[in-house]
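Asker: Dropping in query-v6.pdb, which is PDB, N, CA and C atoms:
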MODEL        1
ATOM      1  N   MET N   1      27.299  20.569  12.928
ATOM      2  CA  MET N   1      28.041  21.659  12.360
ATOM      3  C   MET N   1      27.645  21.825  10.901
ATOM      4  N   SER N   2      27.413  23.044  10.471
ATOM      5  CA  SER N   2      26.956  23.294   9.103
ATOM      6  C   SER N   2      28.133  23.277   8.142
ATOM      7  N   LYS N   3      27.800  23.060   6.871
ATOM      8  CA  LYS N   3      28.806  23.045   5.810
ATOM      9  C   LYS N   3      29.338  24.453   5.588
ATOM     10  N   PRO N   4      30.646  24.609   5.391
ATOM     11  CA  PRO N   4      31.161  25.945   5.089
ATOM     12  C   PRO N   4      30.724  26.365   3.698
ATOM     13  N   GLU N   5      30.423  27.638   3.568
ATOM     14  CA  GLU N   5      29.999  28.154   2.267
ATOM     15  C   GLU N   5      31.213  28.436   1.406
ATOM     16  N   LEU N   6      31.064  28.153   0.129
ATOM     17  CA  LEU N   6      32.132  28.448  -0.812
ATOM     18  C   LEU N   6      32.132  29.935  -1.126
ATOM     19  N   PRO N   7      33.308  30.523  -1.287
ATOM     20  CA  PRO N   7      33.352  31.946  -1.616
ATOM     21  C   PRO N   7      32.793  32.199  -3.009
ATOM     22  N   ALA N   8      32.152  33.331  -3.168
ATOM     23  CA  ALA N   8      31.624  33.705  -4.478
ATOM     24  C   ALA N   8      32.791  33.988  -5.409
ATOM     25  N   THR N   9      32.674  33.535  -6.644
ATOM     26  CA  THR N   9      33.752  33.774  -7.604
ATOM     27  C   THR N   9      33.595  35.161  -8.199
ATOM     28  N   ALA N  10      34.716  35.752  -8.520
ATOM     29  CA  ALA N  10      34.716  37.116  -9.061
ATOM     30  C   ALA N  10      34.300  37.148 -10.528
ATOM     31  N   GLY N  11      34.376  36.031 -11.203
ATOM     32  CA  GLY N  11      34.031  36.004 -12.611
ATOM     33  C   GLY N  11      34.046  34.580 -13.118
ATOM     34  N   PRO N  12      34.028  34.438 -14.427
ATOM     35  CA  PRO N  12      34.038  33.090 -14.992
ATOM     36  C   PRO N  12      35.351  32.378 -14.693
ATOM     37  N   ARG N  13      35.275  31.055 -14.570
ATOM     38  CA  ARG N  13      36.459  30.255 -14.264
ATOM     39  C   ARG N  13      37.279  30.033 -15.529
ATOM     40  N   MET N  14      38.546  29.809 -15.325
ATOM     41  CA  MET N  14      39.455  29.510 -16.428
ATOM     42  C   MET N  14      39.090  28.157 -17.011
ATOM     43  N   LEU N  15      39.187  28.031 -18.323
ATOM     44  CA  LEU N  15      38.889  26.777 -18.991
ATOM     45  C   LEU N  15      39.765  25.652 -18.442
ATOM     46  N   SER N  16      41.037  25.933 -18.213
ATOM     47  CA  SER N  16      41.945  24.899 -17.702
ATOM     48  C   SER N  16      41.506  24.397 -16.331
ATOM     49  N   ASP N  17      40.954  25.273 -15.501
ATOM     50  CA  ASP N  17      40.459  24.850 -14.187
ATOM     51  C   ASP N  17      39.270  23.908 -14.324
ATOM     52  N   VAL N  18      38.391  24.208 -15.260
ATOM     53  CA  VAL N  18      37.221  23.360 -15.488
ATOM     54  C   VAL N  18      37.657  22.001 -16.036
ATOM     55  N   VAL N  19      38.617  22.001 -16.968
ATOM     56  CA  VAL N  19      39.123  20.741 -17.519
ATOM     57  C   VAL N  19      39.724  19.902 -16.398
ATOM     58  N   ARG N  20      40.562  20.509 -15.561
ATOM     59  CA  ARG N  20      41.177  19.777 -14.442
ATOM     60  C   ARG N  20      40.108  19.186 -13.521
ATOM     61  N   GLU N  21      39.124  19.985 -13.190
ATOM     62  CA  GLU N  21      38.064  19.513 -12.293
ATOM     63  C   GLU N  21      37.333  18.308 -12.884
ATOM     64  N   LYS N  22      36.961  18.406 -14.156
ATOM     65  CA  LYS N  22      36.240  17.299 -14.807
ATOM     66  C   LYS N  22      37.109  16.045 -14.879
ATOM     67  N   MET N  23      38.397  16.226 -15.164
ATOM     68  CA  MET N  23      39.287  15.066 -15.258
ATOM     69  C   MET N  23      39.488  14.416 -13.888
ATOM     70  N   ARG N  24      39.588  15.224 -12.857
ATOM     71  CA  ARG N  24      39.765  14.663 -11.514
ATOM     72  C   ARG N  24      38.506  13.949 -11.044
ATOM     73  N   LEU N  25      37.350  14.490 -11.413
ATOM     74  CA  LEU N  25      36.100  13.801 -11.079
ATOM     75  C   LEU N  25      36.004  12.464 -11.801
ATOM     76  N   GLY N  26      36.606  12.376 -12.986
ATOM     77  CA  GLY N  26      36.612  11.144 -13.762
ATOM     78  C   GLY N  26      37.774  10.226 -13.420
ATOM     79  N   HIS N  27      38.579  10.605 -12.414
ATOM     80  CA  HIS N  27      39.711   9.795 -11.937
ATOM     81  C   HIS N  27      40.757   9.537 -13.013
ATOM     82  N   TYR N  28      40.993  10.539 -13.858
ATOM     83  CA  TYR N  28      42.047  10.426 -14.855
ATOM     84  C   TYR N  28      43.404  10.589 -14.157
ATOM     85  N   ALA N  29      44.425   9.966 -14.703
ATOM     86  CA  ALA N  29      45.781  10.101 -14.168
ATOM     87  C   ALA N  29      46.268  11.533 -14.359
ATOM     88  N   ARG N  30      47.122  11.988 -13.455
ATOM     89  CA  ARG N  30      47.651  13.355 -13.556
ATOM     90  C   ARG N  30      48.439  13.560 -14.845
ATOM     91  N   ARG N  31      49.153  12.549 -15.291
ATOM     92  CA  ARG N  31      49.912  12.658 -16.540
ATOM     93  C   ARG N  31      48.971  12.824 -17.729
ATOM     94  N   THR N  32      47.848  12.128 -17.696
ATOM     95  CA  THR N  32      46.846  12.269 -18.754
ATOM     96  C   THR N  32      46.270  13.681 -18.717
ATOM     97  N   GLU N  33      45.994  14.166 -17.514
ATOM     98  CA  GLU N  33      45.478  15.524 -17.338
ATOM     99  C   GLU N  33      46.431  16.542 -17.958
ATOM    100  N   GLU N  34      47.703  16.436 -17.663
ATOM    101  CA  GLU N  34      48.685  17.377 -18.195
ATOM    102  C   GLU N  34      48.801  17.265 -19.715
ATOM    103  N   ALA N  35      48.793  16.027 -20.227
ATOM    104  CA  ALA N  35      48.876  15.833 -21.683
ATOM    105  C   ALA N  35      47.658  16.440 -22.374
ATOM    106  N   TYR N  36      46.468  16.180 -21.852
ATOM    107  CA  TYR N  36      45.245  16.716 -22.459
ATOM    108  C   TYR N  36      45.246  18.246 -22.409
ATOM    109  N   LEU N  37      45.648  18.816 -21.281
ATOM    110  CA  LEU N  37      45.706  20.277 -21.191
ATOM    111  C   LEU N  37      46.688  20.850 -22.203
ATOM    112  N   GLY N  38      47.787  20.158 -22.416
ATOM    113  CA  GLY N  38      48.750  20.605 -23.430
ATOM    114  C   GLY N  38      48.146  20.613 -24.820
ATOM    115  N   TRP N  39      47.417  19.555 -25.168
ATOM    116  CA  TRP N  39      46.781  19.497 -26.493
ATOM    117  C   TRP N  39      45.690  20.548 -26.624
ATOM    118  N   ILE N  40      44.943  20.774 -25.569
ATOM    119  CA  ILE N  40      43.883  21.792 -25.613
ATOM    120  C   ILE N  40      44.502  23.173 -25.807
ATOM    121  N   ARG N  41      45.605  23.451 -25.106
ATOM    122  CA  ARG N  41      46.295  24.742 -25.280
ATOM    123  C   ARG N  41      46.804  24.901 -26.718
ATOM    124  N   ARG N  42      47.396  23.840 -27.261
ATOM    125  CA  ARG N  42      47.900  23.898 -28.645
ATOM    126  C   ARG N  42      46.758  24.138 -29.632
ATOM    127  N   PHE N  43      45.626  23.494 -29.402
ATOM    128  CA  PHE N  43      44.453  23.664 -30.251
ATOM    129  C   PHE N  43      43.974  25.119 -30.227
ATOM    130  N   ILE N  44      43.911  25.689 -29.037
ATOM    131  CA  ILE N  44      43.460  27.074 -28.886
ATOM    132  C   ILE N  44      44.447  28.032 -29.554
ATOM    133  N   ARG N  45      45.741  27.823 -29.316
ATOM    134  CA  ARG N  45      46.762  28.678 -29.951
ATOM    135  C   ARG N  45      46.734  28.552 -31.469
ATOM    136  N   PHE N  46      46.543  27.334 -31.957
ATOM    137  CA  PHE N  46      46.498  27.090 -33.406
ATOM    138  C   PHE N  46      45.406  27.937 -34.053
ATOM    139  N   HIS N  47      44.323  28.166 -33.332
ATOM    140  CA  HIS N  47      43.195  28.930 -33.877
ATOM    141  C   HIS N  47      43.156  30.366 -33.347
ATOM    142  N   GLY N  48      44.329  30.918 -33.085
ATOM    143  CA  GLY N  48      44.427  32.338 -32.749
ATOM    144  C   GLY N  48      43.825  32.711 -31.420
ATOM    145  N   ALA N  49      43.920  31.848 -30.435
ATOM    146  CA  ALA N  49      43.440  32.092 -29.072
ATOM    147  C   ALA N  49      41.918  32.278 -28.986
ATOM    148  N   ARG N  50      41.205  31.710 -29.940
ATOM    149  CA  ARG N  50      39.743  31.747 -29.866
ATOM    150  C   ARG N  50      39.271  30.726 -28.847
ATOM    151  N   HIS N  51      38.195  31.030 -28.156
ATOM    152  CA  HIS N  51      37.645  30.089 -27.175
ATOM    153  C   HIS N  51      37.067  28.891 -27.918
ATOM    154  N   PRO N  52      37.261  27.677 -27.391
ATOM    155  CA  PRO N  52      36.744  26.482 -28.064
ATOM    156  C   PRO N  52      35.236  26.494 -28.287
ATOM    157  N   ARG N  53      34.500  27.286 -27.506
ATOM    158  CA  ARG N  53      33.054  27.404 -27.733
ATOM    159  C   ARG N  53      32.754  27.943 -29.125
ATOM    160  N   GLU N  54      33.696  28.726 -29.670
ATOM    161  CA  GLU N  54      33.518  29.322 -30.996
ATOM    162  C   GLU N  54      33.982  28.391 -32.105
ATOM    163  N   LEU N  55      34.581  27.274 -31.747
ATOM    164  CA  LEU N  55      35.178  26.373 -32.732
ATOM    165  C   LEU N  55      34.328  25.128 -32.903
ATOM    166  N   GLY N  56      34.502  24.478 -34.025
ATOM    167  CA  GLY N  56      33.704  23.289 -34.295
ATOM    168  C   GLY N  56      34.493  22.249 -35.057
ATOM    169  N   ALA N  57      33.767  21.440 -35.817
ATOM    170  CA  ALA N  57      34.347  20.302 -36.524
ATOM    171  C   ALA N  57      35.445  20.711 -37.494
ATOM    172  N   ALA N  58      35.216  21.766 -38.248
ATOM    173  CA  ALA N  58      36.207  22.192 -39.245
ATOM    174  C   ALA N  58      37.532  22.555 -38.573
ATOM    175  N   GLU N  59      37.463  23.192 -37.419
ATOM    176  CA  GLU N  59      38.673  23.592 -36.708
ATOM    177  C   GLU N  59      39.398  22.391 -36.096
ATOM    178  N   VAL N  60      38.637  21.406 -35.618
ATOM    179  CA  VAL N  60      39.246  20.180 -35.096
ATOM    180  C   VAL N  60      39.983  19.460 -36.222
ATOM    181  N   VAL N  61      39.323  19.318 -37.359
ATOM    182  CA  VAL N  61      39.928  18.640 -38.501
ATOM    183  C   VAL N  61      41.168  19.392 -38.976
ATOM    184  N   ALA N  62      41.102  20.720 -39.059
ATOM    185  CA  ALA N  62      42.250  21.513 -39.502
ATOM    186  C   ALA N  62      43.437  21.318 -38.561
ATOM    187  N   PHE N  63      43.183  21.287 -37.269
ATOM    188  CA  PHE N  63      44.247  21.089 -36.287
ATOM    189  C   PHE N  63      44.879  19.711 -36.442
ATOM    190  N   LEU N  64      44.047  18.683 -36.545
ATOM    191  CA  LEU N  64      44.561  17.318 -36.673
ATOM    192  C   LEU N  64      45.311  17.132 -37.995
ATOM    193  N   GLU N  65      44.825  17.741 -39.060
ATOM    194  CA  GLU N  65      45.518  17.654 -40.348
ATOM    195  C   GLU N  65      46.872  18.353 -40.293
ATOM    196  N   ASP N  66      46.953  19.455 -39.556
ATOM    197  CA  ASP N  66      48.224  20.151 -39.403
ATOM    198  C   ASP N  66      49.215  19.283 -38.625
ATOM    199  N   LEU N  67      48.726  18.558 -37.631
ATOM    200  CA  LEU N  67      49.600  17.648 -36.888
ATOM    201  C   LEU N  67      50.141  16.559 -37.808
ATOM    202  N   ALA N  68      49.279  16.044 -38.667
ATOM    203  CA  ALA N  68      49.666  14.948 -39.557
ATOM    204  C   ALA N  68      50.604  15.425 -40.655
ATOM    205  N   GLY N  69      50.349  16.613 -41.199
ATOM    206  CA  GLY N  69      51.147  17.124 -42.317
ATOM    207  C   GLY N  69      52.401  17.816 -41.837
ATOM    208  N   PRO N  70      52.340  19.143 -41.702
ATOM    209  CA  PRO N  70      53.540  19.893 -41.305
ATOM    210  C   PRO N  70      54.088  19.479 -39.936
ATOM    211  N   GLY N  71      53.211  19.093 -39.024
ATOM    212  CA  GLY N  71      53.647  18.698 -37.688
ATOM    213  C   GLY N  71      54.345  17.362 -37.665
ATOM    214  N   GLN N  72      54.022  16.509 -38.612
ATOM    215  CA  GLN N  72      54.597  15.175 -38.773
ATOM    216  C   GLN N  72      54.639  14.379 -37.466
ATOM    217  N   VAL N  73      53.520  14.355 -36.760
ATOM    218  CA  VAL N  73      53.467  13.548 -35.537
ATOM    219  C   VAL N  73      52.932  12.156 -35.872
ATOM    220  N   SER N  74      53.213  11.201 -35.010
ATOM    221  CA  SER N  74      52.786   9.823 -35.244
ATOM    222  C   SER N  74      51.275   9.680 -35.094
ATOM    223  N   ALA N  75      50.775   8.556 -35.572
ATOM    224  CA  ALA N  75      49.342   8.281 -35.486
ATOM    225  C   ALA N  75      48.884   8.227 -34.028
ATOM    226  N   SER N  76      49.690   7.653 -33.151
ATOM    227  CA  SER N  76      49.290   7.560 -31.742
ATOM    228  C   SER N  76      49.237   8.947 -31.095
ATOM    229  N   THR N  77      50.121   9.841 -31.513
ATOM    230  CA  THR N  77      50.104  11.216 -31.003
ATOM    231  C   THR N  77      48.856  11.943 -31.495
ATOM    232  N   GLN N  78      48.502  11.722 -32.766
ATOM    233  CA  GLN N  78      47.271  12.313 -33.295
ATOM    234  C   GLN N  78      46.054  11.797 -32.529
ATOM    235  N   ASN N  79      46.060  10.503 -32.198
ATOM    236  CA  ASN N  79      44.948   9.927 -31.429
ATOM    237  C   ASN N  79      44.848  10.551 -30.050
ATOM    238  N   GLN N  80      45.994  10.803 -29.409
ATOM    239  CA  GLN N  80      45.964  11.436 -28.100
ATOM    240  C   GLN N  80      45.384  12.846 -28.210
ATOM    241  N   ALA N  81      45.782  13.585 -29.240
ATOM    242  CA  ALA N  81      45.253  14.936 -29.453
ATOM    243  C   ALA N  81      43.750  14.874 -29.685
ATOM    244  N   LEU N  82      43.303  13.931 -30.511
ATOM    245  CA  LEU N  82      41.866  13.770 -30.768
ATOM    246  C   LEU N  82      41.121  13.435 -29.484
ATOM    247  N   ASN N  83      41.667  12.537 -28.665
ATOM    248  CA  ASN N  83      41.015  12.175 -27.404
ATOM    249  C   ASN N  83      40.927  13.368 -26.455
ATOM    250  N   ALA N  84      41.960  14.196 -26.434
ATOM    251  CA  ALA N  84      41.942  15.401 -25.597
ATOM    252  C   ALA N  84      40.839  16.351 -26.052
ATOM    253  N   LEU N  85      40.718  16.533 -27.363
ATOM    254  CA  LEU N  85      39.684  17.432 -27.888
ATOM    255  C   LEU N  85      38.296  16.837 -27.702
ATOM    256  N   ALA N  86      38.178  15.520 -27.831
ATOM    257  CA  ALA N  86      36.887  14.861 -27.591
ATOM    258  C   ALA N  86      36.472  15.072 -26.137
ATOM    259  N   PHE N  87      37.412  14.938 -25.209
ATOM    260  CA  PHE N  87      37.114  15.179 -23.788
ATOM    261  C   PHE N  87      36.656  16.612 -23.591
ATOM    262  N   LEU N  88      37.381  17.555 -24.181
ATOM    263  CA  LEU N  88      37.031  18.969 -24.056
ATOM    264  C   LEU N  88      35.608  19.229 -24.534
ATOM    265  N   PHE N  89      35.291  18.762 -25.743
ATOM    266  CA  PHE N  89      33.975  19.051 -26.300
ATOM    267  C   PHE N  89      32.865  18.303 -25.574
ATOM    268  N   GLN N  90      33.073  17.036 -25.236
ATOM    269  CA  GLN N  90      32.009  16.240 -24.628
ATOM    270  C   GLN N  90      31.801  16.555 -23.156
ATOM    271  N   HIS N  91      32.871  16.633 -22.386
ATOM    272  CA  HIS N  91      32.739  16.738 -20.935
ATOM    273  C   HIS N  91      32.792  18.160 -20.399
ATOM    274  N   VAL N  92      33.488  19.036 -21.091
ATOM    275  CA  VAL N  92      33.633  20.404 -20.600
ATOM    276  C   VAL N  92      32.637  21.335 -21.290
ATOM    277  N   LEU N  93      32.604  21.287 -22.625
ATOM    278  CA  LEU N  93      31.693  22.160 -23.372
ATOM    279  C   LEU N  93      30.322  21.529 -23.578
ATOM    280  N   GLU N  94      30.230  20.229 -23.262
ATOM    281  CA  GLU N  94      28.984  19.458 -23.377
ATOM    282  C   GLU N  94      28.394  19.515 -24.779
ATOM    283  N   ARG N  95      29.283  19.272 -25.760
ATOM    284  CA  ARG N  95      28.899  19.145 -27.166
ATOM    285  C   ARG N  95      29.399  17.796 -27.631
ATOM    286  N   GLU N  96      28.616  17.098 -28.405
ATOM    287  CA  GLU N  96      28.981  15.741 -28.845
ATOM    288  C   GLU N  96      29.892  15.780 -30.053
ATOM    289  N   MET N  97      30.819  14.826 -30.089
ATOM    290  CA  MET N  97      31.669  14.608 -31.257
ATOM    291  C   MET N  97      31.310  13.243 -31.825
ATOM    292  N   ASP N  98      31.310  13.130 -33.146
ATOM    293  CA  ASP N  98      31.046  11.820 -33.724
ATOM    294  C   ASP N  98      32.362  11.045 -33.871
ATOM    295  N   GLU N  99      32.301   9.864 -34.435
ATOM    296  CA  GLU N  99      33.470   8.999 -34.537
ATOM    297  C   GLU N  99      34.590   9.595 -35.369
ATOM    298  N   GLY N 100      34.266  10.492 -36.274
ATOM    299  CA  GLY N 100      35.269  11.105 -37.132
ATOM    300  C   GLY N 100      35.855  12.375 -36.550
ATOM    301  N   GLY N 101      35.538  12.693 -35.303
ATOM    302  CA  GLY N 101      36.058  13.905 -34.678
ATOM    303  C   GLY N 101      35.226  15.137 -34.964
ATOM    304  N   ARG N 102      34.040  14.912 -35.542
ATOM    305  CA  ARG N 102      33.164  16.056 -35.873
ATOM    306  C   ARG N 102      32.360  16.462 -34.635
ATOM    307  N   VAL N 103      32.210  17.778 -34.487
ATOM    308  CA  VAL N 103      31.461  18.318 -33.354
ATOM    309  C   VAL N 103      30.016  18.523 -33.747
TER     310      VAL N 103
ENDMDL
END
Do you think you could lay out the structure here as structure tokens?
Answerer:
Amino acid sequence: MSKPELPATAGPRMLSDVVREKMRLGHYARRTEEAYLGWIRRFIRFHGARHPRELGAAEVVAFLEDLAGPGQVSASTQNQALNALAFLFQHVLEREMDEGGRV
């Protein structure tokens, strides 16, 4: 029996769908998936709904600094946000981030 063909997509896939797919392929926990998607959404909203492909190191740093300053989140929360953005850039957008969060 032959493999069923996948239906042709009508257009580009949603970023959140791609993130979910990559995380599931990497066997991430569902709670981690939801947390990372939340941080990615906050990052995108923080920068006026611009696609992350248009954003880089300066925007990552600005977002993290806002979390630390006006957002007043803990260091562990900032680390989770950084890890979510690192996953987005490295695994979804296929752009490398250095140790300082630079793209």
Asker: As an exercise, work out the distance from atom C of Glu59 (chain N) to atom C of Glu96 (chain N) in Å and give it to one decimal place.
Answerer: 13.1 Å
Asker: Between atom N of Arg42 (chain N) and CA of Leu82 (chain N), what is the distance in Å, rounded to a tenth?
Answerer: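 Answer for the atom N of Arg42 (chain N) to CA of Leu82 (chain N) separation: 12.0 Å.
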Asker: Once the PyMOL selection byres (((chain N and resi 20 and name CA) around 10) and name CA) is applied to the coordinates I shared, what remains selected? I want it as JSON, numbers by chain.
Answerer: {"N": [15, 16, 17, 18, 19, 21, 22, 23, 24, 25, 26, 28, 30, 33, 34, 36, 37, 92]}
Asker: Expressed in Å to a single decimal, how great is the separation between CA of Ala75 (chain N) and CA of Ile40 (chain N)?
Answerer: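 So the two atoms, CA of Ala75 (chain N) and CA of Ile40 (chain N), lie 17.6 Å apart.
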Asker: To test the calculation: enclose all listed atoms of region 78-90 of chain N in a box whose edges run along x, y and z, add 5 Å on each side, then state centre and edge lengths in Å to one decimal, as lines of an AutoDock Vina configuration file.
Answerer:
center_x = 40.2
center_y = 14.6
center_z = -28.2
size_x = 26.7
size_y = 19.3
size_z = 20.1
